[in-house]
$ cat coords31.txt   # compact mmCIF, C-alpha atoms
# COMPACT_ATOMS: atom_id res chain seq x y z
CA MET A 1 0.00 0.00 0.00
CA PRO A 2 1.50 3.35 -0.97
CA THR A 3 2.14 6.29 1.33
CA PHE A 4 -0.47 8.90 2.12
CA VAL A 5 -0.26 12.26 3.88
CA TYR A 6 -2.41 13.52 6.73
CA MET A 7 -2.96 16.99 5.28
CA THR A 8 -3.74 18.58 8.64
CA ARG A 9 -0.38 17.55 10.09
CA CYS A 10 1.82 18.35 7.07
CA ASP A 11 3.39 21.80 7.05
CA GLY A 12 4.90 21.50 3.58
CA CYS A 13 8.54 21.47 4.77
CA GLY A 14 9.69 19.22 1.91
CA HIS A 15 11.81 16.60 3.73
CA CYS A 16 9.76 13.83 2.09
CA VAL A 17 10.18 15.43 -1.34
CA ASP A 18 13.95 15.51 -0.89
CA ILE A 19 14.31 11.94 0.29
CA CYS A 20 11.86 10.04 -1.94
CA PRO A 21 13.95 7.69 -4.14
CA SER A 22 11.14 7.52 -6.71
CA ASP A 23 10.65 11.29 -6.75
CA ILE A 24 6.92 10.92 -6.31
CA MET A 25 6.42 12.95 -3.13
CA HIS A 26 5.59 16.47 -4.31
CA ILE A 27 4.25 19.67 -2.80
CA ASP A 28 0.77 20.49 -4.02
CA LYS A 29 0.93 23.83 -5.81
CA THR A 30 -2.38 25.05 -4.43
CA LEU A 31 -2.51 23.61 -0.93
CA ARG A 32 1.29 23.67 -0.27
CA ARG A 33 1.13 20.29 1.43
CA ALA A 34 2.97 17.13 0.38
CA TYR A 35 1.20 14.37 -1.51
CA ASN A 36 2.09 11.20 -3.34
CA ILE A 37 1.70 12.06 -7.03
CA GLU A 38 1.92 8.48 -8.31
CA PRO A 39 0.88 5.86 -5.74
CA ASN A 40 1.42 3.05 -8.29
CA MET A 41 5.13 3.82 -8.34
CA CYS A 42 5.54 3.85 -4.54
CA TRP A 43 7.52 0.86 -3.32
CA GLU A 44 6.79 1.54 0.36
CA CYS A 45 10.41 2.11 1.34
CA TYR A 46 9.18 4.20 4.30
CA SER A 47 11.90 6.84 3.70
CA CYS A 48 9.39 9.70 3.68
CA VAL A 49 7.49 8.26 6.65
CA LYS A 50 10.71 8.21 8.70
CA ALA A 51 11.95 11.60 7.47
CA CYS A 52 8.74 13.52 8.22
CA PRO A 53 9.32 15.73 11.29
CA HIS A 54 5.58 15.83 12.05
CA GLN A 55 4.77 12.13 11.49
CA ALA A 56 2.29 13.33 8.89
CA ILE A 57 2.91 10.43 6.45
CA ASP A 58 1.63 6.93 6.90
CA VAL A 59 1.62 3.63 5.06
CA ARG A 60 -0.81 0.81 5.52
CA GLY A 61 1.32 -2.14 6.55
CA TYR A 62 1.33 -5.44 4.69
CA ALA A 63 -1.25 -8.03 5.64
CA ASP A 64 1.46 -10.70 5.94
CA PHE A 65 2.63 -9.52 9.36
CA ALA A 66 -0.66 -8.25 10.80
CA PRO A 67 -4.31 -8.55 9.76
CA LEU A 68 -5.71 -5.70 7.68
CA GLY A 69 -6.89 -2.63 9.51
CA HIS A 70 -3.88 -2.53 11.82
CA SER A 71 -1.65 0.46 12.39
CA VAL A 72 2.09 0.42 11.87
CA ARG A 73 3.82 3.65 12.78
CA VAL A 74 7.44 4.62 13.03
CA LEU A 75 9.50 7.21 14.90
CA ARG A 76 13.04 7.84 13.69
CA ASP A 77 15.09 9.72 16.26
CA GLU A 78 18.34 10.94 14.74
CA GLU A 79 19.80 12.38 17.92
CA LYS A 80 19.27 9.16 19.85
CA GLY A 81 20.31 7.12 16.81
CA THR A 82 17.34 4.78 17.06
CA ILE A 83 14.23 3.81 15.19
CA ALA A 84 11.06 2.78 17.01
CA TRP A 85 8.08 0.97 15.51
CA ARG A 86 4.66 0.38 16.98
CA ILE A 87 2.32 -2.20 15.56
CA LYS A 88 -1.23 -2.21 16.79
CA PHE A 89 -3.93 -4.62 15.69
CA ARG A 90 -7.37 -3.51 14.60
CA ASN A 91 -9.01 -4.69 17.84
CA GLY A 92 -6.29 -3.00 19.93
CA LYS A 93 -5.45 -6.23 21.78
CA LYS A 94 -2.08 -6.71 20.15
CA ASP A 95 0.00 -3.59 20.65
CA PHE A 96 3.75 -3.89 20.64
CA ASP A 97 6.81 -1.72 20.21
CA LEU A 98 10.16 -2.40 18.58
CA LEU A 99 13.32 -0.36 19.05
CA ALA A 100 16.55 -0.73 17.09
CA PRO A 101 19.79 1.25 16.65
CA ILE A 102 20.33 2.95 13.28
CA THR A 103 23.83 4.19 14.04
CA THR A 104 26.50 3.37 16.59
CA LYS A 105 28.61 6.50 16.04
CA PRO A 106 27.57 10.15 15.78
CA TRP A 107 26.34 10.99 12.25
CA GLY A 108 29.08 11.92 9.82
CA THR A 109 31.98 10.60 11.94
CA GLY A 110 32.19 7.12 10.40
CA ILE A 111 32.78 8.12 6.77
CA PRO A 112 35.90 6.34 5.38
CA LYS A 113 38.53 8.84 4.23
CA ILE A 114 39.32 7.15 0.91
CA ALA A 115 41.10 10.22 -0.48
CA GLU A 116 43.78 9.85 2.19
CA LEU A 117 44.57 6.20 1.35
CA PRO A 118 47.67 5.41 -0.76
CA GLU A 119 47.08 5.03 -4.49
CA PRO A 120 46.75 1.42 -5.71
CA SER A 121 49.84 -0.04 -7.38
CA ASP A 122 49.80 -1.35 -10.99
CA ASP A 123 49.56 -4.90 -9.65
CA MET A 124 46.46 -3.99 -7.73
CA ARG A 125 44.98 -2.19 -10.75
CA ASN A 126 45.49 -5.24 -12.98
CA SER A 127 44.22 -7.67 -10.37
CA GLN A 128 40.82 -9.36 -10.56
CA LEU A 129 40.05 -8.08 -7.07
CA LEU A 130 38.19 -4.84 -6.49
CA PHE A 131 39.27 -2.05 -4.14
CA ASN A 132 39.64 -3.28 -0.56
CA GLU A 133 38.50 -6.78 -1.53
CA PRO A 134 40.97 -8.99 0.27
CA LYS A 135 40.61 -6.92 3.42
CA TYR A 136 36.81 -6.78 3.48
CA VAL A 137 35.82 -10.18 2.10
CA ARG A 138 38.89 -12.03 3.44
CA MET A 139 39.24 -14.19 0.33
CA ASP A 140 42.86 -15.03 1.06
CA ASP A 141 43.39 -13.41 4.43
CA GLY A 142 42.71 -15.83 7.30
CA ASP A 143 41.29 -18.48 5.01
CA LEU A 144 37.73 -18.75 3.71
CA ASN A 145 34.78 -17.95 5.97
CA THR A 146 32.75 -21.08 6.55
CA LEU A 147 30.14 -22.16 9.05
CA GLU A 148 32.75 -24.28 10.82
CA SER A 149 35.36 -21.53 10.96
CA ASN A 150 32.77 -19.28 12.57
CA GLY A 151 31.69 -21.92 15.09
CA LEU A 152 28.26 -22.43 13.51
CA LYS A 153 26.37 -25.58 12.63
CA LEU A 154 24.09 -26.33 9.70
CA LYS A 155 20.52 -26.19 11.00
CA GLU A 156 17.73 -28.16 9.46
CA GLY A 157 15.07 -26.00 7.83
CA VAL A 158 17.30 -22.93 7.64
CA TYR A 159 18.35 -21.76 4.22
CA TYR A 160 21.87 -20.33 4.15
CA MET B 1 1.92 62.09 13.90
CA SER B 2 -1.79 62.61 13.42
CA ASN B 3 -4.49 59.97 13.71
CA PRO B 4 -5.42 59.11 10.07
CA PHE B 5 -8.96 58.17 11.15
CA ALA B 6 -9.49 61.57 12.81
CA GLU B 7 -8.54 63.25 9.53
CA LEU B 8 -10.83 60.86 7.65
CA SER B 9 -13.80 61.85 9.84
CA ALA B 10 -14.11 64.99 7.72
CA THR B 11 -15.20 62.79 4.80
CA ILE B 12 -16.62 59.69 6.50
CA SER B 13 -18.54 59.89 9.75
CA PRO B 14 -17.05 58.05 12.79
CA GLY B 15 -20.33 56.13 13.08
CA LEU B 16 -19.84 54.65 9.62
CA MET B 17 -16.23 53.67 10.47
CA GLN B 18 -17.41 51.97 13.65
CA PHE B 19 -20.13 50.18 11.69
CA TYR B 20 -17.46 48.91 9.26
CA VAL B 21 -15.32 47.50 12.10
CA VAL B 22 -18.33 45.70 13.63
CA LEU B 23 -19.30 44.41 10.18
CA MET B 24 -15.79 42.97 9.69
CA ILE B 25 -15.96 41.19 13.07
CA LEU B 26 -19.32 39.69 12.11
CA LEU B 27 -17.93 38.61 8.71
CA VAL B 28 -15.03 36.80 10.43
CA VAL B 29 -17.42 35.00 12.79
CA ALA B 30 -19.73 34.03 9.91
CA GLY B 31 -16.78 32.95 7.75
CA VAL B 32 -15.35 30.70 10.46
CA ILE B 33 -18.74 29.06 11.11
CA LEU B 34 -19.38 28.50 7.38
CA ASP B 35 -15.83 27.16 6.93
CA MET B 36 -16.30 24.68 9.79
CA LYS B 37 -19.66 23.57 8.41
CA HIS B 38 -18.31 23.17 4.89
CA LYS B 39 -15.14 21.25 5.79
CA GLN B 40 -16.81 19.52 8.74
CA SER B 41 -13.48 20.06 10.47
CA ALA B 42 -15.00 20.38 13.95
CA LYS B 43 -16.97 17.16 13.47
CA TYR B 44 -13.88 15.19 12.42
CA PHE B 45 -11.73 16.86 15.05
CA PHE B 46 -13.98 15.70 17.87
CA ALA B 47 -14.50 12.26 16.30
CA ASN B 48 -10.71 11.83 16.16
CA ALA B 49 -10.33 13.07 19.73
CA LYS B 50 -12.87 10.47 20.89
CA LYS B 51 -11.08 7.74 18.95
CA ALA B 52 -7.77 8.76 20.54
CA GLN B 53 -9.35 8.74 23.99
CA LYS B 54 -10.36 5.11 23.49
CA SER B 55 -6.73 4.06 23.10
CA ALA B 56 -5.53 6.25 25.97
CA LYS B 57 -3.40 4.50 28.55
CA ARG B 58 -4.45 6.82 31.37
CA THR B 59 -7.06 9.48 32.03
CA LEU B 60 -5.92 13.06 32.38
CA SER B 61 -7.20 15.13 35.28
CA ASP B 62 -8.73 18.55 34.69
CA GLY B 63 -5.62 20.13 36.24
CA GLU B 64 -3.34 18.36 33.76
CA LYS B 65 -5.56 19.41 30.85
CA THR B 66 -5.44 23.02 32.05
CA SER B 67 -1.66 22.94 32.38
CA LEU B 68 -1.42 21.51 28.83
CA ALA B 69 -3.70 24.30 27.59
CA ILE B 70 -1.43 26.87 29.25
CA LYS B 71 1.61 25.20 27.66
CA THR B 72 -0.11 25.34 24.24
CA LEU B 73 -0.81 29.02 24.80
CA THR B 74 2.73 29.93 25.84
CA SER B 75 4.49 27.67 23.35
CA GLU B 76 2.49 27.27 20.13
CA VAL B 77 0.21 30.31 20.25
CA LEU B 78 2.49 33.00 21.66
CA THR B 79 5.83 31.87 20.22
CA SER B 80 4.79 29.77 17.15
CA SER B 81 7.00 26.90 18.34
CA GLU B 82 5.42 24.40 15.91
CA PHE B 83 7.49 25.74 12.99
CA CYS B 84 10.62 23.69 12.25
CA ASN B 85 11.95 26.40 9.94
CA GLU B 86 13.35 29.17 12.14
CA ASP B 87 12.97 31.85 9.45
CA ARG B 88 9.37 30.90 8.94
CA ARG B 89 8.81 31.09 12.67
CA LYS B 90 10.33 34.58 12.88
CA SER B 91 8.32 35.76 9.90
CA HIS B 92 5.13 34.29 11.41
CA LEU B 93 5.79 36.03 14.74
CA MET B 94 6.31 39.36 12.98
CA THR B 95 3.12 39.05 10.94
CA MET B 96 1.07 37.68 13.86
CA TYR B 97 2.05 40.33 16.43
CA GLY B 98 1.98 43.03 13.74
CA PHE B 99 -1.57 41.99 12.83
CA ILE B 100 -2.74 41.88 16.47
CA PHE B 101 -1.34 45.34 17.28
CA PHE B 102 -2.57 46.77 13.98
CA VAL B 103 -6.15 45.50 14.39
CA LEU B 104 -6.31 46.38 18.08
CA SER B 105 -5.01 49.91 17.56
CA THR B 106 -7.31 50.40 14.54
CA ALA B 107 -10.30 49.56 16.75
CA VAL B 108 -9.05 51.89 19.51
CA LEU B 109 -8.32 54.74 17.07
CA ILE B 110 -11.76 54.41 15.44
CA PHE B 111 -13.85 53.89 18.57
CA GLY B 112 -11.91 56.20 20.91
CA TYR B 113 -10.22 58.92 18.95
CA SER B 114 -11.88 59.35 15.54
CA ASP B 115 -13.30 62.70 16.65
CA PRO B 116 -10.84 65.38 15.39
CA GLU B 117 -11.45 67.38 18.58
CA THR B 118 -9.86 64.71 20.86
CA SER B 119 -6.08 64.30 20.78
CA THR B 120 -4.77 60.80 20.05
CA PRO B 121 -2.23 59.31 22.52
CA PHE B 122 1.12 58.66 20.88
CA ILE B 123 1.14 54.98 21.91
CA TRP B 124 -1.89 54.07 19.75
CA TRP B 125 -0.55 56.01 16.79
CA ALA B 126 2.80 54.23 17.18
CA LEU B 127 1.23 50.77 17.65
CA TRP B 128 -0.87 51.22 14.50
CA HIS B 129 2.16 52.15 12.37
CA LEU B 130 4.60 49.69 13.95
CA GLY B 131 2.02 46.89 13.66
CA ALA B 132 1.54 47.59 9.96
CA LEU B 133 5.30 47.85 9.44
CA SER B 134 5.98 44.56 11.25
CA LEU B 135 3.22 42.93 9.16
CA CYS B 136 4.85 44.22 6.00
CA ILE B 137 8.38 43.08 6.92
CA GLY B 138 7.29 39.58 8.03
CA GLY B 139 4.79 39.23 5.19
CA TYR B 140 7.04 40.36 2.34
CA TRP B 141 9.91 38.25 3.70
CA PHE B 142 7.56 35.27 3.57
CA TRP B 143 6.20 36.18 0.13
CA PHE B 144 9.55 36.74 -1.62
CA LYS B 145 11.89 34.39 0.22
CA ILE B 146 10.36 31.79 2.55
CA ARG B 147 7.34 30.47 0.64
CA VAL B 148 8.00 26.91 -0.44
CA ASP B 149 7.04 27.75 -4.05
CA VAL B 150 9.81 30.32 -4.27
CA SER B 151 12.46 28.90 -1.91
CA SER B 152 12.28 25.30 -3.08
CA GLU B 153 10.05 24.78 -6.09
CA GLY B 154 11.74 27.55 -8.09
CA LEU B 155 8.43 29.14 -9.07
CA PRO B 156 8.35 32.91 -9.70
CA TRP B 157 7.22 35.09 -6.79
CA ASN B 158 4.44 36.62 -8.87
CA ARG B 159 2.60 33.34 -9.45
CA VAL B 160 -0.68 33.65 -7.55
CA GLU B 161 -2.99 30.86 -6.35
CA ARG B 162 -6.27 30.96 -4.47
CA ALA B 163 -4.29 29.83 -1.41
CA ASP B 164 -2.56 33.24 -1.51
CA LEU B 165 -5.82 35.10 -0.83
CA PHE B 166 -4.99 35.38 2.88
CA ILE B 167 -1.37 36.55 2.66
CA LEU B 168 -2.01 38.92 -0.25
CA SER B 169 -5.04 40.59 1.31
CA LEU B 170 -3.11 40.83 4.60
CA LEU B 171 -0.14 42.44 2.86
CA GLY B 172 -2.44 44.73 0.89
CA THR B 173 -4.20 45.86 4.06
CA ALA B 174 -0.93 46.71 5.86
CA THR B 175 0.82 48.24 2.84
CA PHE B 176 -2.07 50.46 1.71
CA ALA B 177 -2.77 51.52 5.31
CA LEU B 178 0.82 52.74 5.65
CA LEU B 179 0.80 54.44 2.24
CA TRP B 180 -2.53 56.12 3.03
CA SER B 181 -1.18 57.35 6.38
CA ILE B 182 2.00 58.71 4.79
CA THR B 183 0.54 60.31 1.65
CA GLY B 184 -3.06 60.95 2.71
CA ALA B 185 -4.18 59.93 -0.80
CA MET B 186 -7.74 58.61 -0.97
CA LEU B 187 -6.66 56.13 -3.66
CA PHE B 188 -4.61 54.25 -1.03
CA PHE B 189 -7.50 54.51 1.43
CA GLY B 190 -9.78 52.88 -1.15
CA LEU B 191 -7.28 50.08 -1.77
CA PHE B 192 -6.85 49.66 2.02
CA ILE B 193 -10.62 49.20 2.46
CA ILE B 194 -10.85 46.77 -0.49
CA SER B 195 -7.95 44.65 0.88
CA SER B 196 -9.29 44.59 4.43
CA THR B 197 -12.80 43.69 3.22
CA VAL B 198 -11.33 40.81 1.20
CA LEU B 199 -9.22 39.77 4.23
CA PHE B 200 -12.06 39.72 6.76
CA GLY B 201 -14.83 38.81 4.36
CA GLY B 202 -12.88 36.04 2.62
CA VAL B 203 -12.41 33.81 5.66
CA TYR B 204 -14.51 31.08 4.04
CA TRP B 205 -12.14 30.90 1.03
CA SER B 206 -8.83 31.70 2.73
CA LYS B 207 -6.75 30.24 5.55
CA PHE B 208 -7.69 33.00 7.99
CA ALA B 209 -9.48 30.51 10.26
CA HIS B 210 -6.14 28.85 11.09
CA MET B 211 -5.84 31.15 14.11
CA PHE B 212 -8.73 29.21 15.66
CA PHE B 213 -8.07 25.63 14.62
CA LYS B 214 -4.27 25.53 14.94
CA PRO B 215 -4.22 26.07 18.71
CA ALA B 216 -7.00 23.46 19.05
CA ALA B 217 -4.95 20.94 17.03
CA ALA B 218 -1.76 21.71 19.01
CA HIS B 219 -3.62 21.23 22.30
CA GLN B 220 -5.12 17.93 21.10
CA LYS B 221 -1.64 16.72 20.06
CA LYS B 222 -0.31 17.49 23.54
CA ILE B 223 -3.22 15.57 25.10
CA THR B 224 -2.54 12.46 22.97
CA ARG B 225 1.13 12.57 24.07
CA ALA B 226 0.19 12.92 27.75
CA ASP B 227 -2.51 10.23 27.89
CA GLY B 228 -0.33 7.66 26.11
CA SER B 229 -2.49 7.19 22.99
CA ARG B 230 0.19 9.09 20.98
CA GLU B 231 -1.75 8.77 17.68
CA ASN B 232 -0.53 5.16 17.66
CA LEU B 233 3.10 6.32 17.50
CA PRO B 234 5.77 4.41 19.44
CA ASP B 235 6.99 5.71 22.80
CA GLU B 236 10.02 7.93 23.11
CA TYR B 237 12.48 5.78 25.03
CA ASP B 238 15.23 6.82 27.40
CA LEU B 239 18.11 4.68 26.13
CA THR B 240 19.97 4.80 29.48
CA ASP B 241 16.98 3.30 31.34
CA ALA B 242 17.82 -0.27 32.50
CA GLU B 243 14.25 -1.45 31.79
CA VAL B 244 14.47 -0.25 28.18
CA GLN B 245 17.89 -1.91 27.79
CA LYS B 246 16.46 -5.17 29.13
CA LYS B 247 13.46 -5.03 26.80
CA PHE B 248 15.57 -4.11 23.74
CA PRO B 249 19.00 -5.80 24.25
CA ASP B 250 20.24 -4.58 20.84
CA ILE B 251 20.53 -1.09 22.27
CA PRO B 252 23.23 -1.78 24.94
CA GLU B 253 24.92 -4.39 22.70
CA TYR B 254 25.50 -2.07 19.74
CA MET B 255 25.30 1.39 21.30
CA GLY B 256 26.63 0.84 24.82
CA LYS B 257 24.94 1.45 28.17
CA ASN B 258 25.07 5.21 27.82
CA PRO B 259 24.75 6.08 24.11
CA PRO B 260 26.01 9.55 23.11
CA ASN B 261 23.89 12.15 21.35
CA MET B 262 24.32 11.21 17.69
CA GLY B 263 23.60 14.73 16.43
CA LEU B 264 21.60 15.41 13.30
CA GLY B 265 21.75 13.15 10.24
CA ILE B 266 19.59 13.96 7.24
CA LYS B 267 18.07 16.87 9.12
CA ARG B 268 21.43 18.71 9.07
CA GLU B 269 20.44 20.01 5.66
CA LYS B 270 17.34 22.03 4.93
CA PRO B 271 15.19 20.36 2.32
CA ASN B 272 15.67 22.50 -0.79
CA HIS B 273 16.60 20.17 -3.60
CA TYR B 274 13.22 19.61 -5.15

$ encode --input "coords31.txt" --output "structure tokens"
Amino acid sequence: MPTFVYMTRCDGCGHCVDICPSDIMHIDKTLRRAYNIEPNMCWECYSCVKACPHQAIDVRGYADFAPLGHSVRVLRDEEKGTIAWRIKFRNGKKDFDLLAPITTKPWGTGIPKIAELPEPSDDMRNSQLLFNEPKYVRMDDGDLNTLESNGLKLKEGVYY
Amino acid sequence: MSNPFAELSATISPGLMQFYVVLMILLVVAGVILDMKHKQSAKYFFANAKKAQKSAKRTLSDGEKTSLAIKTLTSEVLTSSEFCNEDRRKSHLMTMYGFIFFVLSTAVLIFGYSDPETSTPFIWWALWHLGALSLCIGGYWFWFKIRVDVSSEGLPWNRVERADLFILSLLGTATFALLWSITGAMLFFGLFIISSTVLFGGVYWSKFAHMFFKPAAAHQKKITRADGSRENLPDEYDLTDAEVQKKFPDIPEYMGKNPPNMGLGIKREKPNHY
């Protein structure tokens, strides 16, 4: 189900317009409030819902995790670095919250400074590996990653 | 430094001026009632409030409701705290207080001092002019710079929509009032009366009624936060609380027992790329 805007809560600030990856959140030229111009093209990424400072945008959640008519609302708190969800069933009996971190370091401090790294040598340029590959995927550094090497066991019914 | 309405009384009788002011008040009242009936905003507002009350986690006492009403008055109404954009907030404060002082002093000047025989106290003369000036500064700042159409959508400032009826008639009222006071030209007086009649008589078609429903909506929002219904939004957790850390173990595991303030992420930048 695509996003929709509660017009009485929206103040037309434009955060949703800026963040929408499909570029379908627009400001209505007459009412100066945001609206979804093309609901068919909305993939329900929730970016606008999370970015809205007034919680004026909502999405009807999928029926595969709660029966229809439920409410699923989200509160993204940048300063705390968390995201909170609340899912409430239609009859109000099931009402639960979820809370998860969205960053572990202050925003903007964990950006890799690639410009300061040494230039790759010709060997590295001609290699099949991409930038940083041995280090990040450990193809030949510390052997291959396997279930055994990580102390895990193959579980029945789990697809790896 | 003379009262423009006292000078006007040579042409228009003070009784007629007073009748006009009363007529404008009645037009505002009628416009607000018609607007509410047409949009059924009051009906839906109270229906929503009842729905929210059903999912409330606790009942608020009358004392708590009063203290929330006082908070709404001191925060949203008097200082326009609901605006995220600081410039927009400043501009709104200038237009709002300018409008209040302008309208109040107009009523005082017309009802108290429109007789050329009585001398007008300086304070009312000054409030009338300063109110109009503040309205003009805040209003034109909004019109040329802050409006989303101009600041973000890249539309020309002279593109006019029906939604601009309120701001344009407000600006017209203040601008022509000042010009009339400075020049004494009846042309500006005529334009001043036309703009103010459109402003007060056009409540049904403009956003004038927001001064009544915005405080009501802000108060209702505060009530939903206090009674726990929160418009179905999740709670705001204190991440250092041991109970919260026990309920959501991911928080202490990835962020530590006492997570720092992460600062602003996407909200560091003003949205202006659309």

$ atom_distance --input "coords31.txt" --atom1 "atom CA of Ser114 of chain B" --atom2 "atom CA of Ser196 of chain B"
18.7 Å

$ atom_distance --input "coords31.txt" --atom1 "atom CA of Arg88 of chain B" --atom2 "atom CA of His219 of chain B"
21.0 Å

$ residues_around --input "coords31.txt" --residues "Leu73 of chain B" --least-positions-apart "6" --cutoff "10 Å" --atoms "only C-alpha atoms" --output "list in words"
Ser67, Thr79, Ser80, Pro215, Ala218 and His219 of chain B

$ closest_residue --input "coords31.txt" --among "A:Val59, A:Cys42, A:Ile87, A:Leu117" --to "chain B" --atoms "all atoms listed in the file"
A:Ile87

$ closest_atom_pairs --input "coords31.txt" --of "chain B" --to "chain A" --cutoff "7 Å" --atoms "only C-alpha atoms" --output "tab-separated table"
residue	atom	partner	partner_atom	distance
B:Glu161	CA	A:Thr30	CA	6.1
B:Ala163	CA	A:Thr30	CA	6.0
B:Asn232	CA	A:Arg73	CA	6.7
B:Leu233	CA	A:Arg73	CA	5.5
B:Pro234	CA	A:Arg86	CA	4.9
B:Phe248	CA	A:Leu99	CA	6.4
B:Asp250	CA	A:Ala100	CA	6.5
B:Ile251	CA	A:Pro101	CA	6.1
B:Tyr254	CA	A:Thr104	CA	6.4
B:Met255	CA	A:Thr104	CA	5.2
B:Asn261	CA	A:Glu79	CA	5.3
B:Met262	CA	A:Pro106	CA	3.9
B:Gly263	CA	A:Glu79	CA	4.7
B:Leu264	CA	A:Glu78	CA	5.7
B:Gly265	CA	A:Trp107	CA	5.5
B:Pro271	CA	A:His15	CA	5.2
B:His273	CA	A:Asp18	CA	6.0
B:Tyr274	CA	A:Asp18	CA	6.0

$ closest_residue --input "coords31.txt" --among "B:Val21, B:Thr74, B:Asp87, B:Arg225" --to "Lys145 of chain B" --atoms "only C-alpha atoms"
B:Asp87

$ residues_around --input "coords31.txt" --residues "Ser41 of chain B" --least-positions-apart "5" --cutoff "12 Å" --atoms "all atoms listed in the file" --output "MDAnalysis selection string"
(chainID A and resid 8) or (chainID B and resid 32:36 46:48 209:210 212:214 216:217)

$ atom_distance --input "coords31.txt" --atom1 "atom CA of Lys43 of chain B" --atom2 "atom CA of Ala30 of chain B"
17.5 Å

$ closest_residue --input "coords31.txt" --among "A:Leu130, A:Val158, A:Leu147, A:Val5" --to "Ile37 of chain A" --atoms "all atoms listed in the file"
A:Val5

$ residues_near_point --input "coords31.txt" --point "(3.6, 12.6, 3.9)" --cutoff "6 Å" --atoms "only C-alpha atoms" --output "list in words"
Phe4, Val5, Ala34, Ala56 and Ile57 of chain A

$ write_last_selection --input "coords31.txt" --atoms "C-alpha atoms" --output "CSV table (one decimal), in the coordinates of the input"
chain,number,residue,atom,x,y,z
A,4,PHE,CA,-0.5,8.9,2.1
A,5,VAL,CA,-0.3,12.3,3.9
A,34,ALA,CA,3.0,17.1,0.4
A,56,ALA,CA,2.3,13.3,8.9
A,57,ILE,CA,2.9,10.4,6.4

$ residues_near_point --input "coords31.txt" --point "(0.4, 54.0, 13.2)" --cutoff "12 Å" --atoms "only C-alpha atoms" --output "MDAnalysis selection string"
chainID B and resid 1:5 98 101:106 108:109 120:134 174:175 177:182

$ axis_aligned_box --input "coords31.txt" --around "segment 141-151 of chain B" --padding-each-side "8 Å" --output "AutoDock Vina command-line options"
--center_x 9.3 --center_y 32.6 --center_z -0.3 --size_x 22.3 --size_y 27.3 --size_z 24.0

$ decode --input "coords31.txt" --residues "segment 147-156 of chain A" --atoms "N, CA, C and O atoms" --output "PDB file, in the first residue's frame"
ATOM      1  N   LEU A 147      30.922 -21.979   7.822  1.00  0.00           N
ATOM      2  CA  LEU A 147      30.140 -22.156   9.054  1.00  0.00           C
ATOM      3  C   LEU A 147      31.036 -22.677  10.165  1.00  0.00           C
ATOM      4  O   LEU A 147      31.004 -22.189  11.298  1.00  0.00           O
ATOM      5  N   GLU A 148      31.872 -23.670   9.808  1.00  0.00           N
ATOM      6  CA  GLU A 148      32.748 -24.284  10.823  1.00  0.00           C
ATOM      7  C   GLU A 148      33.731 -23.258  11.383  1.00  0.00           C
ATOM      8  O   GLU A 148      33.920 -23.169  12.595  1.00  0.00           O
ATOM      9  N   SER A 149      34.350 -22.468  10.473  1.00  0.00           N
ATOM     10  CA  SER A 149      35.361 -21.529  10.959  1.00  0.00           C
ATOM     11  C   SER A 149      34.742 -20.455  11.850  1.00  0.00           C
ATOM     12  O   SER A 149      35.416 -19.825  12.642  1.00  0.00           O
ATOM     13  N   ASN A 150      33.428 -20.258  11.721  1.00  0.00           N
ATOM     14  CA  ASN A 150      32.767 -19.276  12.574  1.00  0.00           C
ATOM     15  C   ASN A 150      32.045 -19.925  13.755  1.00  0.00           C
ATOM     16  O   ASN A 150      31.269 -19.267  14.446  1.00  0.00           O
ATOM     17  N   GLY A 151      32.291 -21.227  13.939  1.00  0.00           N
ATOM     18  CA  GLY A 151      31.692 -21.915  15.085  1.00  0.00           C
ATOM     19  C   GLY A 151      30.194 -22.113  14.948  1.00  0.00           C
ATOM     20  O   GLY A 151      29.482 -22.149  15.948  1.00  0.00           O
ATOM     21  N   LEU A 152      29.703 -22.228  13.689  1.00  0.00           N
ATOM     22  CA  LEU A 152      28.260 -22.433  13.509  1.00  0.00           C
ATOM     23  C   LEU A 152      27.994 -23.834  12.987  1.00  0.00           C
ATOM     24  O   LEU A 152      28.885 -24.492  12.442  1.00  0.00           O
ATOM     25  N   LYS A 153      26.747 -24.259  13.132  1.00  0.00           N
ATOM     26  CA  LYS A 153      26.367 -25.580  12.633  1.00  0.00           C
ATOM     27  C   LYS A 153      25.223 -25.421  11.641  1.00  0.00           C
ATOM     28  O   LYS A 153      24.410 -24.504  11.785  1.00  0.00           O
ATOM     29  N   LEU A 154      25.170 -26.360  10.670  1.00  0.00           N
ATOM     30  CA  LEU A 154      24.090 -26.327   9.699  1.00  0.00           C
ATOM     31  C   LEU A 154      22.798 -26.729  10.398  1.00  0.00           C
ATOM     32  O   LEU A 154      22.740 -27.765  11.042  1.00  0.00           O
ATOM     33  N   LYS A 155      21.778 -25.865  10.319  1.00  0.00           N
ATOM     34  CA  LYS A 155      20.516 -26.188  10.999  1.00  0.00           C
ATOM     35  C   LYS A 155      19.516 -26.654   9.972  1.00  0.00           C
ATOM     36  O   LYS A 155      19.412 -26.082   8.873  1.00  0.00           O
ATOM     37  N   GLU A 156      18.738 -27.642  10.370  1.00  0.00           N
ATOM     38  CA  GLU A 156      17.732 -28.159   9.463  1.00  0.00           C
ATOM     39  C   GLU A 156      16.616 -27.124   9.289  1.00  0.00           C
ATOM     40  O   GLU A 156      16.192 -26.497  10.268  1.00  0.00           O
TER      41      GLU A 156
END
